[in-house]
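Let me begin by presenting the structure, written as structure tokens, before commenting on it.
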Amino acid sequence: MDTYDIIIVGGGAAGFFTAINAAEIDPSLRILILERGKEVLSKVKISGGGRCNVTHAEFIPSELVKRYPRGDKELRGPFHSFMTGDTMEWFEKRGIELKIEEDGRIFPVSDSSQSIIDCFNSECRRLNISVLKGHSLKNFSRKDENWHLETSQGEFSTNKLMLATGSNPKVWDLLEKMGHQIISPVPSLFTFNIQDHRIDGLAGISTEAEVKVESTKLESSGPLLITHWGMSGPAILKLSAWGARELNELGYHFSIRVNWLPGRTSQHILAELKQLKTEFPKQLVLKRAQFELPKRLWQKIAIAAGIGSEDNWASLNKEQLLKLSTQLTSASFSVNGKSTFKEEFVTAGGINLKEVDFKSFESKLYPDLYFAGEILNIDAITGGFNFQNAWTGGFLAAQAMSSGARSQN
């Protein structure tokens, strides 16, 4: 049986970050990463459309935690120890130049996730960290001060064990049998499936909007992207994250109200429409978009209000103006199902956070057992925040694990 000082199960962002930081603290440690798949860092590769959204330009811990529907209280302390600025410095010290985009997302200057993957792999080679692929964890148990692991390709022993296996139901089942409470997982980042004539043929159009889920307190604002299957973009993804459990209970069948003119009410818009009727009586309503809306979206909204291609502003009656103001500020859409947001599947659920010491990310139930990343009941909105959770957890766990991690064998 091969014996190591530290074994990390899960060859993703959290696993690699933990291994590299632990080895830097004590280069003499024997460290092993076990990955069940054929490739490591597969989620890093596809994140941010293949560019890898490393983190987000929010540098105040109390503000950063607001991006986490689950885990906000628990991450406040850890973020004071390692957060966005530290992440940027860590990568830049290793030759990865980063850039901040207008929306706050941070990417490598190369615009390629391969830069991050190459960095991790080269660091593992430099620090003599072993990486084994195709090793699926079957079982693990505590024996003689060490952890013993059974995998699909052999057995291993270690003094310190980290599980960074993401949303892996098999590992959650093993932990549950050991007494850890697992919060049942539900999808967190997803888009809304909507079939509606008002958005047919508008795929690719993005505009600022306010969105509310009817009969709930869920609401958000931001860019809304119309897609071939419905609606996406930050405004929708924020709703999906904050409403992960509530929307799951609704079976992903519910109604939303969209205000295409954020911050403005139906009454305000009705007054402005009446002014347009006075100022541009002969202008065809469909010919020129109003309120800086994309032209094709404006036309669909106007048609939904019963306005035809030959109608000018002077011809509109009270009912048409009222309908138009309603369609602009309070349009109801039926959501029938969800779609995964690209390949970036994120879940709400995982290990109960009350069972984890967030100074070290160590289990409160078992000494020398650590967690990082999505295996915990922590998730965030899109924008690099889920990776920041992985970096922070990995860094703090590495500090704890490298302290006295000599194998007891």
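Simple scheme: letters A, B, ... for chains in structure tokens order, numbers from 1 for residues in each chain, numbers from 1 for ligands in the order shown.
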
Exercise: Glu39 in chain A partners within 9 Å, only C-alpha atoms, chain neighbours under 4 positions left out, as a count of residues only:
4

Contacts between range 230-234 of chain A and range 307-342 of chain A, please, where a residue of range 307-342 of chain A counts if it comes within 10 Å (with only C-alpha atoms); show its shortest atom pair and distance in Å to one decimal, rows by chain and ascending number, as a Markdown table.
| residue | atom | partner | partner_atom | distance |
| --- | --- | --- | --- | --- |
| A:Phe333 | CA | A:Gly230 | CA | 9.9 |
| A:Val335 | CA | A:Gly230 | CA | 8.4 |
| A:Asn336 | CA | A:Gly230 | CA | 9.5 |
| A:Gly337 | CA | A:Gly230 | CA | 9.9 |
| A:Lys338 | CA | A:Gly230 | CA | 9.1 |
| A:Ser339 | CA | A:Gly230 | CA | 9.2 |
| A:Phe341 | CA | A:Ser232 | CA | 8.1 |

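Of the residues under consideration (A:Val258, A:Leu286, A:Ile20, A:Ala302), A:Ile20 shows the shortest atom-to-atom contact distance to Arg125 in chain A when counting only C-alpha atoms.
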
Could you give me, as CSV, every range 200-230 of chain A residue with an atom at most 9 Å from range 262-282 of chain A, plus its closest atom pair and distance in Å to one decimal, counting only C-alpha atoms, rows ordered by chain then number?
residue,atom,partner,partner_atom,distance
A:Glu208,CA,A:Pro262,CA,7.0
A:Ala209,CA,A:Pro262,CA,5.5
A:Glu210,CA,A:Pro262,CA,5.5
A:Ser221,CA,A:Pro262,CA,7.7
A:Gly222,CA,A:Pro262,CA,8.8

Neighbour list for range 22-33 of chain A as a list in words, cut-off 6 Å, only C-alpha atoms, skip fewer than 4 positions in-chain:
Tyr4, Asp5, Ile6, Ile7, Ile8, Val9, Ile129, Ser130, Val131, Ala398 and Ser402 of chain A

What's around Ile117 in chain A at 8 Å? Count only C-alpha atoms, leave out sequence neighbours fewer than 6 positions away in its own chain, and write the answer as a list in words.
Leu41, Val44 and Lys45 of chain A

Using only C-alpha atoms: which of A:Gly384, A:His228, A:Gly204, A:Ala348 has the shortest distance to Arg51 in chain A
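Distance minimum relative to Arg51 in chain A lands on A:Gly384.
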
Using only C-alpha atoms, which of the listed residues (A:Leu324, A:Ala19, A:Val109, A:Ala390) sits closest to Met162 in chain A?
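Between A:Leu324, A:Ala19, A:Val109, A:Ala390, the residue approaching Met162 in chain A most closely is A:Ala19.
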
Sorted by chain and rising residue number, which residues of range 111-145 of chain A lie within 12 Å of range 362-375 of chain A, and what are their closest atom pairs and distances in Å to one decimal, counting only C-alpha atoms, as a Markdown table?
| residue | atom | partner | partner_atom | distance |
| --- | --- | --- | --- | --- |
| A:Phe140 | CA | A:Leu369 | CA | 10.8 |
| A:Ser141 | CA | A:Tyr366 | CA | 10.3 |
| A:Arg142 | CA | A:Tyr366 | CA | 8.7 |
| A:Lys143 | CA | A:Tyr366 | CA | 11.9 |
| A:Glu145 | CA | A:Asp368 | CA | 9.1 |
